[in-house]
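Peer 1: Structure file model.tsv (TSV, C-alpha atoms) right here:
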chain	number	residue	atom	x	y	z
A	257	MET	CA	90.13	31.88	104.76
A	258	TYR	CA	88.20	35.10	104.23
A	259	LYS	CA	89.48	37.72	101.84
A	260	LYS	CA	90.70	40.75	103.79
A	261	ARG	CA	88.82	43.88	102.82
A	262	ARG	CA	90.43	47.31	102.68
A	263	VAL	CA	89.62	49.70	105.52
A	264	VAL	CA	89.74	53.49	105.16
A	265	ILE	CA	89.20	56.45	107.49
A	266	THR	CA	86.29	58.65	106.42
A	267	GLY	CA	85.46	60.62	109.57
A	268	MET	CA	87.37	62.12	112.49
A	269	GLY	CA	86.55	64.16	115.58
A	270	ALA	CA	88.77	65.49	118.37
A	271	VAL	CA	88.48	67.28	121.69
A	272	THR	CA	91.97	67.99	123.02
A	273	PRO	CA	93.86	70.31	125.36
A	274	ILE	CA	95.25	72.17	122.34
A	275	GLY	CA	92.06	72.53	120.34
A	276	ILE	CA	88.45	71.47	119.93
A	277	GLY	CA	87.71	70.00	116.51
A	278	VAL	CA	90.12	68.29	114.15
A	279	GLN	CA	91.21	71.48	112.37
A	280	GLU	CA	92.02	73.35	115.58
A	281	TYR	CA	93.78	70.28	116.97
A	282	TRP	CA	95.93	69.99	113.84
A	283	GLU	CA	96.78	73.70	113.88
A	284	GLY	CA	97.79	73.32	117.52
A	285	LEU	CA	100.06	70.38	116.71
A	286	ILE	CA	101.85	72.19	113.91
A	287	GLU	CA	102.19	75.42	115.92
A	288	GLY	CA	103.70	73.48	118.81
A	289	ARG	CA	100.87	74.75	121.02
A	290	ASN	CA	101.35	73.85	124.68
A	291	GLY	CA	98.21	72.53	126.38
A	292	VAL	CA	99.71	72.25	129.86
A	293	ASP	CA	98.58	74.73	132.51
A	294	LEU	CA	97.68	74.94	136.19
A	295	ILE	CA	94.77	72.73	137.18
A	296	THR	CA	91.42	74.51	137.45
A	297	HIS	CA	89.19	71.47	138.09
A	298	PHE	CA	89.99	71.37	141.83
A	299	ASP	CA	92.10	72.96	144.58
A	300	THR	CA	95.65	71.58	144.26
A	301	THR	CA	97.03	73.06	147.50
A	302	LYS	CA	97.80	69.66	149.06
A	303	PHE	CA	99.01	67.98	145.87
A	304	ASP	CA	102.57	67.39	144.66
A	305	THR	CA	101.47	68.10	141.09
A	306	LYS	CA	99.48	71.26	140.41
A	307	PHE	CA	99.25	71.19	136.62
A	308	ALA	CA	97.75	69.12	133.80
A	309	ALA	CA	96.56	69.47	130.22
A	310	GLU	CA	92.89	70.33	130.64
A	311	VAL	CA	90.42	70.84	127.80
A	312	LYS	CA	89.48	74.51	127.73
A	313	ASN	CA	86.29	76.11	126.42
A	314	PHE	CA	84.39	72.86	125.91
A	315	GLN	CA	80.64	73.47	125.99
A	316	PRO	CA	78.64	70.22	126.12
A	317	ASP	CA	75.51	72.19	125.17
A	318	ASP	CA	77.03	72.62	121.71
A	319	TYR	CA	76.56	68.87	121.15
A	320	LEU	CA	73.95	67.74	123.69
A	321	ASP	CA	70.77	69.08	125.18
A	322	LYS	CA	71.24	70.19	128.78
A	323	LYS	CA	69.29	67.31	130.29
A	324	ALA	CA	71.33	64.69	128.42
A	325	ALA	CA	74.59	66.45	129.30
A	326	ARG	CA	73.74	66.41	133.03
A	327	ARG	CA	73.32	62.64	132.82
A	328	MET	CA	76.77	62.07	131.36
A	329	ASP	CA	80.18	62.19	132.96
A	330	ARG	CA	82.64	64.55	131.27
A	331	PHE	CA	84.41	61.66	129.53
A	332	CYS	CA	81.14	60.60	127.93
A	333	GLN	CA	80.33	64.16	126.87
A	334	PHE	CA	83.70	64.26	125.09
A	335	ALA	CA	82.97	60.92	123.40
A	336	VAL	CA	79.56	61.96	122.09
A	337	ALA	CA	80.85	65.36	120.96
A	338	THR	CA	83.69	63.84	118.94
A	339	SER	CA	81.40	61.21	117.46
A	340	GLU	CA	79.14	64.02	116.26
A	341	MET	CA	82.16	65.73	114.69
A	342	ALA	CA	83.25	62.49	113.02
A	343	MET	CA	79.78	61.86	111.66
A	344	GLN	CA	79.59	65.33	110.16
A	345	ASP	CA	83.08	64.95	108.69
A	346	SER	CA	82.14	61.63	107.10
A	347	GLY	CA	79.19	63.01	105.15
A	348	LEU	CA	77.22	59.84	105.93
A	349	ASN	CA	73.49	59.86	105.32
A	350	LEU	CA	72.14	57.59	108.04
A	351	GLU	CA	68.80	57.35	106.27
A	352	VAL	CA	70.34	55.27	103.48
A	353	ILE	CA	73.00	53.39	105.46
A	354	ASP	CA	72.39	49.86	106.74
A	355	ARG	CA	72.76	50.62	110.42
A	356	ASP	CA	72.78	46.92	111.30
A	357	ARG	CA	76.23	46.92	109.71
A	358	PHE	CA	77.48	50.05	111.48
A	359	GLY	CA	78.89	49.44	114.95
A	360	VAL	CA	80.68	51.17	117.80
A	361	ILE	CA	83.76	50.13	119.73
A	362	TYR	CA	84.73	52.86	122.12
A	363	GLY	CA	86.95	52.80	125.18
A	364	SER	CA	88.05	54.61	128.28
A	365	GLY	CA	90.90	53.62	130.53
A	366	ILE	CA	89.21	54.95	133.66
A	367	GLY	CA	85.64	55.94	132.77
A	368	GLY	CA	83.52	58.22	134.94
A	369	MET	CA	86.10	58.97	137.62
A	370	ARG	CA	84.62	62.36	138.49
A	371	THR	CA	81.17	60.82	138.97
A	372	LEU	CA	82.57	57.99	141.06
A	373	GLN	CA	84.53	60.38	143.23
A	374	GLU	CA	81.61	62.76	143.78
A	375	GLN	CA	79.17	60.01	144.72
A	376	HIS	CA	81.74	58.27	146.93
A	377	PHE	CA	82.52	61.47	148.83
A	378	ALA	CA	78.83	62.26	149.27
A	379	PHE	CA	78.06	58.77	150.60
A	380	PHE	CA	80.90	58.77	153.13
A	381	ASN	CA	79.93	62.27	154.22
A	382	GLY	CA	76.52	61.05	155.33
A	383	LEU	CA	74.45	60.72	152.16
A	384	ASP	CA	71.52	58.36	152.65
A	385	PRO	CA	72.28	55.38	150.37
A	386	HIS	CA	68.72	55.60	149.07
A	387	LYS	CA	69.61	59.04	147.69
A	388	ILE	CA	72.56	57.91	145.60
A	389	SER	CA	71.89	59.14	142.08
A	390	PRO	CA	70.08	56.62	139.86
A	391	PHE	CA	72.43	57.81	137.13
A	392	PHE	CA	75.56	57.04	139.19
A	393	VAL	CA	76.26	53.63	137.67
A	394	PRO	CA	75.41	54.44	134.03
A	395	MET	CA	77.46	57.65	134.27
A	396	MET	CA	80.48	55.86	135.74
A	397	ILE	CA	80.90	52.68	133.71
A	398	SER	CA	83.47	52.79	130.92
A	399	ASP	CA	81.27	51.15	128.30
A	400	ILE	CA	78.58	53.82	128.50
A	401	ALA	CA	80.30	56.00	125.88
A	402	ALA	CA	79.91	53.25	123.29
A	403	GLY	CA	76.30	52.81	124.36
A	404	GLN	CA	75.50	56.52	124.19
A	405	ILE	CA	77.05	56.86	120.73
A	406	SER	CA	75.08	53.86	119.47
A	407	ILE	CA	71.83	55.27	120.87
A	408	ARG	CA	72.45	58.75	119.47
A	409	PHE	CA	72.89	57.57	115.89
A	410	GLY	CA	70.89	54.34	115.93
A	411	LEU	CA	73.94	52.19	115.19
A	412	LYS	CA	72.97	48.53	115.65
A	413	GLY	CA	76.16	46.71	114.75
A	414	PRO	CA	78.70	45.36	117.28
A	415	ASN	CA	78.76	47.60	120.34
A	416	TYR	CA	81.24	47.36	123.20
A	417	ALA	CA	84.10	49.02	125.04
A	418	THR	CA	87.80	48.36	125.37
A	419	THR	CA	89.78	49.06	128.53
A	420	SER	CA	93.53	48.52	128.40
A	421	ALA	CA	94.98	51.57	130.15
A	422	CYS	CA	96.88	53.79	127.72
A	423	ALA	CA	96.36	51.36	124.82
A	424	THR	CA	92.56	51.51	125.13
A	425	ALA	CA	91.67	53.63	122.10
A	426	SER	CA	94.16	51.83	119.87
A	427	HIS	CA	92.62	48.50	120.83
A	428	ALA	CA	89.18	49.92	119.96
A	429	ILE	CA	90.47	51.01	116.55
A	430	ALA	CA	92.17	47.64	116.04
A	431	ASP	CA	89.01	45.68	116.81
A	432	ALA	CA	86.97	47.92	114.51
A	433	PHE	CA	89.52	47.34	111.74
A	434	PHE	CA	89.34	43.56	112.19
A	435	LEU	CA	85.53	43.49	112.04
A	436	ILE	CA	85.41	45.47	108.80
A	437	GLN	CA	88.33	43.60	107.30
A	438	ARG	CA	86.68	40.22	107.79
A	439	GLY	CA	83.31	41.39	106.43
A	440	SER	CA	81.21	41.44	109.62
A	441	VAL	CA	80.35	45.13	109.22
A	442	ASP	CA	80.84	47.98	106.76
A	443	LEU	CA	81.36	50.89	109.14
A	444	MET	CA	82.63	51.37	112.70
A	445	MET	CA	82.79	54.34	115.05
A	446	CYS	CA	85.82	53.87	117.29
A	447	GLY	CA	88.23	55.66	119.59
A	448	GLY	CA	88.60	56.62	123.22
A	449	SER	CA	87.77	59.29	125.76
A	450	GLU	CA	89.14	60.27	129.16
A	451	ALA	CA	88.39	62.92	131.78
A	452	ALA	CA	90.34	61.83	134.84
A	453	ILE	CA	91.94	65.06	136.05
A	454	THR	CA	90.49	64.63	139.52
A	455	GLU	CA	91.80	64.69	143.07
A	456	ILE	CA	91.96	60.92	143.43
A	457	SER	CA	93.65	60.40	140.06
A	458	ILE	CA	96.33	63.06	140.50
A	459	GLY	CA	96.91	61.84	144.06
A	460	GLY	CA	97.21	58.24	142.91
A	461	PHE	CA	99.66	58.98	140.12
A	462	ASN	CA	101.67	61.17	142.52
A	463	SER	CA	101.87	58.25	144.97
A	464	MET	CA	103.35	56.01	142.30
A	465	ARG	CA	105.68	58.79	141.12
A	466	ALA	CA	104.47	58.54	137.54
A	467	ILE	CA	103.61	62.17	136.82
A	468	SER	CA	105.85	65.22	136.68
A	469	THR	CA	106.13	67.56	139.67
A	470	TRP	CA	107.73	70.52	137.85
A	471	ASN	CA	105.31	73.02	139.36
A	472	ASP	CA	107.74	75.90	138.84
A	473	ARG	CA	108.28	74.97	135.16
A	474	TYR	CA	105.01	73.28	134.28
A	475	LYS	CA	104.98	74.52	130.67
A	476	GLU	CA	108.20	72.55	130.15
A	477	ALA	CA	107.16	69.47	132.14
A	478	SER	CA	106.01	67.28	129.24
A	479	ARG	CA	109.39	66.64	127.61
A	480	PRO	CA	109.59	63.23	125.92
A	481	PHE	CA	113.07	61.91	125.13
A	482	ASP	CA	114.70	64.74	127.11
A	483	LYS	CA	117.29	63.85	129.75
A	484	ASP	CA	115.51	66.06	132.33
A	485	ARG	CA	112.10	64.34	132.01
A	486	ASN	CA	110.60	63.26	135.32
A	487	GLY	CA	107.17	61.87	134.53
A	488	PHE	CA	104.18	62.34	132.26
A	489	VAL	CA	101.63	65.15	132.37
A	490	MET	CA	98.00	64.05	132.57
A	491	GLY	CA	95.66	65.25	129.85
A	492	GLU	CA	92.00	64.80	128.97
A	493	GLY	CA	89.88	64.70	125.85
A	494	ALA	CA	88.72	62.30	123.15
A	495	GLY	CA	89.50	61.16	119.63
A	496	THR	CA	86.97	59.41	117.39
A	497	LEU	CA	87.40	57.85	113.95
A	498	ILE	CA	84.94	56.36	111.50
A	499	LEU	CA	86.43	53.37	109.71
A	500	GLU	CA	84.73	52.21	106.53
A	501	GLU	CA	85.13	49.41	104.05
A	502	TYR	CA	86.84	50.81	100.94
A	503	GLU	CA	84.21	49.86	98.32
A	504	HIS	CA	81.44	51.14	100.58
A	505	ALA	CA	83.23	54.48	100.91
A	506	ILE	CA	83.95	54.74	97.19
A	507	SER	CA	80.36	53.91	96.23
A	508	ARG	CA	79.03	56.90	98.19
A	509	GLY	CA	81.77	59.29	97.06
A	510	ALA	CA	83.26	59.69	100.52
A	511	ARG	CA	86.26	61.86	101.28
A	512	ILE	CA	88.97	59.45	102.43
A	513	HIS	CA	91.57	60.70	104.91
A	514	GLY	CA	93.77	57.63	104.86
A	515	GLU	CA	93.89	53.85	105.12
A	516	ILE	CA	94.64	51.52	108.02
A	517	VAL	CA	96.57	48.52	106.74
A	518	GLY	CA	98.13	46.79	109.73
A	519	VAL	CA	97.78	46.18	113.44
A	520	GLY	CA	100.17	44.71	116.00
A	521	LEU	CA	98.97	43.75	119.48
A	522	THR	CA	101.25	42.21	122.11
A	523	GLY	CA	101.66	41.73	125.85
A	524	ASP	CA	104.81	42.36	127.89
A	525	ALA	CA	104.15	39.64	130.50
A	526	HIS	CA	106.64	41.51	132.65
A	527	HIS	CA	105.45	44.10	135.21
A	528	ILE	CA	102.30	46.01	136.21
A	529	THR	CA	103.72	49.43	135.25
A	530	ALA	CA	107.24	49.11	133.82
A	531	PRO	CA	107.79	48.21	130.15
A	532	ALA	CA	109.60	45.00	129.24
A	533	PRO	CA	113.41	45.31	129.03
A	534	GLU	CA	114.76	46.58	125.71
A	535	GLY	CA	111.20	47.48	124.73
A	536	ASP	CA	110.48	43.86	123.81
A	537	GLY	CA	106.68	44.26	123.75
A	538	ALA	CA	106.87	47.44	121.68
A	539	PHE	CA	109.36	45.78	119.32
A	540	ARG	CA	106.98	42.88	118.72
A	541	SER	CA	103.86	45.04	118.31
A	542	MET	CA	105.51	47.19	115.63
A	543	ARG	CA	106.93	44.08	113.94
A	544	GLU	CA	103.48	42.46	113.88
A	545	ALA	CA	101.85	45.59	112.44
A	546	ILE	CA	104.38	45.65	109.60
A	547	LYS	CA	103.89	41.92	108.98
A	548	ASP	CA	100.10	42.37	109.01
A	549	ALA	CA	100.37	45.14	106.41
A	550	GLY	CA	102.52	42.97	104.15
A	551	ILE	CA	105.25	45.60	103.76
A	552	THR	CA	108.90	45.85	104.72
A	553	LYS	CA	110.18	47.81	107.69
A	554	GLU	CA	112.17	50.04	105.33
A	555	GLU	CA	108.88	51.36	103.92
A	556	ILE	CA	107.93	53.03	107.23
A	557	ASP	CA	108.57	56.80	107.16
A	558	TYR	CA	107.22	58.04	110.48
A	559	VAL	CA	106.46	56.80	113.99
A	560	ASN	CA	104.06	58.66	116.26
A	561	ALA	CA	105.66	57.44	119.47
A	562	HIS	CA	103.96	56.59	122.73
A	563	GLY	CA	106.57	59.03	124.08
A	564	THR	CA	105.20	59.60	127.58
A	565	SER	CA	108.07	61.65	129.05
A	566	THR	CA	108.82	58.92	131.60
A	567	GLU	CA	112.35	57.65	131.94
A	568	LEU	CA	111.62	53.98	131.22
A	569	ASN	CA	109.09	54.39	128.39
A	570	ASP	CA	111.10	56.80	126.26
A	571	LEU	CA	114.30	54.78	126.61
A	572	ASN	CA	112.69	51.41	125.93
A	573	GLU	CA	110.60	52.67	123.03
A	574	THR	CA	113.77	54.08	121.48
A	575	LYS	CA	115.51	50.73	121.97
A	576	ALA	CA	112.56	48.92	120.39
A	577	ILE	CA	112.70	51.16	117.33
A	578	LYS	CA	116.46	50.68	116.99
A	579	ASN	CA	116.25	46.92	117.46
A	580	LEU	CA	113.46	46.54	114.91
A	581	PHE	CA	114.53	48.97	112.21
A	582	GLY	CA	118.31	48.72	112.47
A	583	GLU	CA	120.00	51.28	110.21
A	584	HIS	CA	116.63	52.43	108.92
A	585	ALA	CA	115.85	53.82	112.39
A	586	ASN	CA	118.14	56.74	111.56
A	587	LYS	CA	116.00	57.56	108.50
A	588	LEU	CA	112.73	57.62	110.42
A	589	VAL	CA	111.13	60.75	111.79
A	590	ILE	CA	109.61	60.14	115.22
A	591	ASP	CA	107.60	62.48	117.39
A	592	SER	CA	105.60	62.60	120.59
A	593	THR	CA	102.51	64.75	120.41
A	594	LYS	CA	102.13	64.17	124.16
A	595	SER	CA	104.70	66.94	124.56
A	596	MET	CA	101.82	69.29	123.65
A	597	THR	CA	98.64	67.47	124.72
A	598	GLY	CA	99.88	65.67	127.78
A	599	HIS	CA	98.95	62.00	128.18
A	600	LEU	CA	95.25	61.37	127.61
A	601	LEU	CA	95.49	57.84	129.05
A	602	GLY	CA	92.73	55.76	127.42
A	603	ALA	CA	92.05	58.47	124.83
A	604	ALA	CA	95.69	58.81	123.73
A	605	GLY	CA	95.45	56.30	120.90
A	606	GLY	CA	92.45	58.11	119.43
A	607	ILE	CA	93.90	61.59	119.15
A	608	GLU	CA	97.32	60.21	118.17
A	609	ALA	CA	95.83	58.07	115.39
A	610	ILE	CA	94.15	61.22	114.08
A	611	GLY	CA	97.43	63.13	114.37
A	612	THR	CA	99.20	60.38	112.42
A	613	VAL	CA	96.61	60.38	109.63
A	614	LEU	CA	96.79	64.18	109.39
A	615	ALA	CA	100.60	64.08	109.22
A	616	ILE	CA	100.35	61.66	106.28
A	617	GLU	CA	97.68	63.79	104.57
A	618	ASN	CA	99.69	67.00	104.97
A	619	SER	CA	103.23	65.59	104.51
A	620	LEU	CA	104.11	67.35	107.75
A	621	ILE	CA	105.18	65.81	111.06
A	622	PRO	CA	104.36	67.73	114.27
A	623	PRO	CA	107.20	68.70	116.59
A	624	THR	CA	108.20	67.23	119.91
A	625	ILE	CA	108.26	70.42	121.97
A	626	ASN	CA	110.43	70.94	125.10
A	627	LEU	CA	113.10	68.59	123.72
A	628	THR	CA	115.95	70.95	124.59
A	629	HIS	CA	118.38	68.56	126.30
A	630	PRO	CA	118.16	65.24	124.47
A	631	ASP	CA	118.87	62.10	126.45
A	632	PRO	CA	122.11	60.67	124.98
A	633	GLU	CA	120.45	57.24	124.91
A	634	CYS	CA	117.46	58.64	123.01
A	635	ASP	CA	119.40	59.63	119.92
A	636	LEU	CA	116.96	59.33	117.00
A	637	ASN	CA	115.22	62.10	115.03
A	638	TYR	CA	112.27	63.11	117.21
A	639	SER	CA	111.29	66.18	115.16
A	640	PRO	CA	112.56	68.42	117.97
A	641	LEU	CA	110.93	71.82	118.56
A	642	LYS	CA	109.58	72.37	115.04
A	643	PRO	CA	107.59	70.45	112.42
A	644	THR	CA	109.36	68.25	109.88
A	645	LYS	CA	108.32	68.37	106.22
A	646	LYS	CA	108.33	64.84	104.83
A	647	GLU	CA	106.42	62.77	102.31
A	648	ILE	CA	104.90	59.88	104.22
A	649	LYS	CA	103.52	56.71	102.69
A	650	TYR	CA	103.43	54.50	105.80
A	651	ALA	CA	103.35	55.49	109.48
A	652	ILE	CA	102.97	53.72	112.81
A	653	SER	CA	101.15	55.03	115.88
A	654	ASN	CA	102.24	53.38	119.14
A	655	THR	CA	100.38	53.14	122.44
A	656	PHE	CA	101.49	51.10	125.43
A	657	GLY	CA	99.58	50.69	128.70
A	658	PHE	CA	100.10	49.71	132.33
A	659	GLY	CA	99.73	45.96	132.59
A	660	GLY	CA	101.94	45.42	129.55
A	661	HIS	CA	99.34	46.16	126.84
A	662	ASN	CA	100.95	47.17	123.53
A	663	ALA	CA	99.24	48.32	120.34
A	664	SER	CA	100.75	49.56	117.08
A	665	LEU	CA	98.50	50.85	114.29
A	666	LEU	CA	99.91	51.14	110.78
A	667	PHE	CA	98.43	53.79	108.48
A	668	LYS	CA	98.97	54.37	104.77
A	669	LYS	CA	98.56	57.38	102.51
A	670	PHE	CA	95.36	56.79	100.60
A	671	GLU	CA	95.66	55.68	96.99
A	672	ASN	CA	92.81	54.35	94.86
I'd like the structure from this file rewritten - as structure tokens, please.
Peer 2:
Amino acid sequence: MYKKRRVVITGMGAVTPIGIGVQEYWEGLIEGRNGVDLITHFDTTKFDTKFAAEVKNFQPDDYLDKKAARRMDRFCQFAVATSEMAMQDSGLNLEVIDRDRFGVIYGSGIGGMRTLQEQHFAFFNGLDPHKISPFFVPMMISDIAAGQISIRFGLKGPNYATTSACATASHAIADAFFLIQRGSVDLMMCGGSEAAITEISIGGFNSMRAISTWNDRYKEASRPFDKDRNGFVMGEGAGTLILEEYEHAISRGARIHGEIVGVGLTGDAHHITAPAPEGDGAFRSMREAIKDAGITKEEIDYVNAHGTSTELNDLNETKAIKNLFGEHANKLVIDSTKSMTGHLLGAAGGIEAIGTVLAIENSLIPPTINLTHPDPECDLNYSPLKPTKKEIKYAISNTFGFGGHNASLLFKKFEN
């Protein structure tokens, strides 16, 4: 049995609907900044939902040359931009790092949806198939973000993508953690990116009645744990982390944001979209993360909830927390940052992991905004409307995806 190595977070990058860059993102979380607005990416006249949480003021030319940017879908531009931010934050000198032991695991739930849609429409509107863009396939496929990041920095370790709906980025982080922990690599770039605010995506989620249709009150539409919630609000963006083996980080004098100490991964085996009754899958993923970390459930201080603002998720996640933690559930502080950012689908786990690490670093838990009429069955402390000051030693970040994919990441305040 191999000796488990410690894994720390030494770099972070974020592009979100409430801020570009980790600092602006964090300020947005603590201010309770609302990233939801009317959709500008396309004409919503025929759509039941006319709003989303778009990334504003993102300039790919700030991170890529124009030619490279044109050959990337928006989701990939976000991924490369945040990886650049994370690399700068880490202070790594790639000239002295063994890049054979530095890998990339990076996911997207949907991938290049805009590219797929544009090429599909052009083809069925008479485009000669011989004139389909040669960049169509490499711009569309979900794994291309991991490939582009690897190419940009010359990272030659393990390189692949995860795709597990809304749990995608958390699975990427989990796999990166496992590889470092077992000694296969020393460093991993990991996270997730999504840019799926398109006609076909909004139309599809409308058809399955998953997203909110509060067009007259769109600023209030993302309202996790509130009795008036009626669906999630789609967001876009990316979150990237650099995980590093502890001794490796210490030897180069790295700034350490926090430590990842446990992971829980489970499957519902229940339904294609609905969570398992009583939050069984969520219960087991959190339980496994705590077991993996070798701590007790009473040591957890904070849960960054999946908190989608859908009736079934919020209720079943609450039940899972109550069933697992018992009386301690009433001592936890829980929040849903999706109330501000919307739901970034495959990128959610990336930005929410960063939010969790920042909450631990700053002893400050972001608010759950719009929680003005709490659901009587969702009766825990969700940090409603304003931040909660709290010393945090251990925290869990939950992400759960369509298909019954559950991931819980357990972070710890860094101590030498």
Peer 1: List the spatial neighbours of Ser346 of chain A as a PyMOL selection string - criterion: any atom at most 8 Å away, only C-alpha atoms, same-chain residues fewer than 4 positions off excluded.
Peer 2: chain A and resi 266-268+342+498+510-511
Peer 1: Identify, on the basis of all atoms listed in the file, every residue whose closest approach to Thr301 of chain A does not exceed 12 Å; exclude the query and any residue fewer than 5 positions from it along the same chain; express the result as a list in words.
Peer 2: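 Counting all atoms listed in the file, the residues come to Leu294, Ile295, Thr296, Lys306, Phe307, Glu455, Gly459 and Asn471 of chain A.
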Peer 1: Please report the interatomic distance between atom CA of Pro394 of chain A and atom CA of Cys332 of chain A in Å with one decimal.
Peer 2: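 We find that atom CA of Pro394 of chain A and atom CA of Cys332 of chain A lie 10.4 Å from each other.
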Peer 1: Can you list every residue of segment 302-411 of chain A that has an atom at most 10 Å from segment 463-467 of chain A, with its nearest atom pair and the distance in Å to one decimal, using only C-alpha atoms, ordered by chain then number, as a Markdown table?
Peer 2:
| residue | atom | partner | partner_atom | distance |
| --- | --- | --- | --- | --- |
| A:Asp304 | CA | A:Ser463 | CA | 9.2 |
| A:Thr305 | CA | A:Ile467 | CA | 7.6 |
| A:Ala308 | CA | A:Ile467 | CA | 9.6 |
Peer 1: Of the candidates A:Thr454, A:Thr496, A:Ser478, A:Asn579, which shows the shortest atom-to-atom distance to Leu627 of chain A, using only C-alpha atoms?
Peer 2: A:Ser478
Peer 1: Counting all atoms listed in the file, which residues of segment 416-513 of chain A sit at most 9 Å from some atom of segment 604-608 of chain A, and what is each one's closest atom pair with its distance in Å to one decimal, listed by chain and rising residue number, as a tab-separated table?
Peer 2:
residue	atom	partner	partner_atom	distance
A:Cys422	CA	A:Ala604	CA	6.5
A:Ala423	CA	A:Gly605	CA	6.4
A:Thr424	CA	A:Gly605	CA	7.0
A:Ala425	CA	A:Gly605	CA	4.8
A:Ser426	CA	A:Gly605	CA	4.8
A:His427	CA	A:Gly605	CA	8.3
A:Ala428	CA	A:Gly606	CA	8.8
A:Ile429	CA	A:Gly606	CA	7.9
A:Cys446	CA	A:Gly606	CA	8.2
A:Gly447	CA	A:Gly606	CA	4.9
A:Gly448	CA	A:Gly606	CA	5.6
A:Ser449	CA	A:Gly606	CA	8.0
A:Glu450	CA	A:Ala604	CA	8.6
A:Gly491	CA	A:Ala604	CA	8.9
A:Glu492	CA	A:Ala604	CA	8.8
A:Gly493	CA	A:Ile607	CA	8.4
A:Ala494	CA	A:Ile607	CA	6.6
A:Gly495	CA	A:Gly606	CA	4.2
A:Thr496	CA	A:Gly606	CA	6.0
A:Leu497	CA	A:Gly606	CA	7.5
Peer 1: Rounded to one decimal in Å, what is the spacing between atom CA of Leu372 of chain A and atom CA of Lys322 of chain A?
Peer 2: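 According to the coordinates, atom CA of Leu372 of chain A and atom CA of Lys322 of chain A are separated by 20.7 Å.
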Peer 1: Could you check which of A:Ala401, A:Leu666, A:Ala324, A:Leu443 is closest to Lys547 of chain A, using all atoms listed in the file?
Peer 2: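 Of the candidates, the smallest distance to Lys547 of chain A is held by A:Leu666.
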Peer 1: Taking 3 positions as the minimum chain separation for residues in the same chain, which residues sit within 10 Å of Gln279 of chain A when counting all atoms listed in the file? Answer as a PyMOL selection string.
Peer 2: chain A and resi 269-270+275-276+282-285+614
Peer 1: Separation of atom CA of Gly359 of chain A and atom CA of Leu411 of chain A, in Å?
Peer 2: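 Here the two named atoms are 5.7 Å from each other.
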Peer 1: With only C-alpha atoms as the basis for distance, which of A:Ser653, A:Thr628, A:Ser457, A:Ser398 is at the shortest distance from Phe303 of chain A?
Peer 2: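 Ranking A:Ser653, A:Thr628, A:Ser457, A:Ser398 by distance to Phe303 of chain A, first place goes to A:Ser457.
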Peer 1: Do a neighbour search on Lys649 of chain A at 10 Å with all atoms listed in the file, toss out local chain neighbours closer than 3 positions, and write the hits as a list in words.
Peer 2: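 My reading of the contact set: Glu555, Ile556, Asp557, Tyr558, Ile616, Glu617, Ser619, Lys646, Phe667, Lys668, Lys669, Phe670 and Glu671 of chain A.
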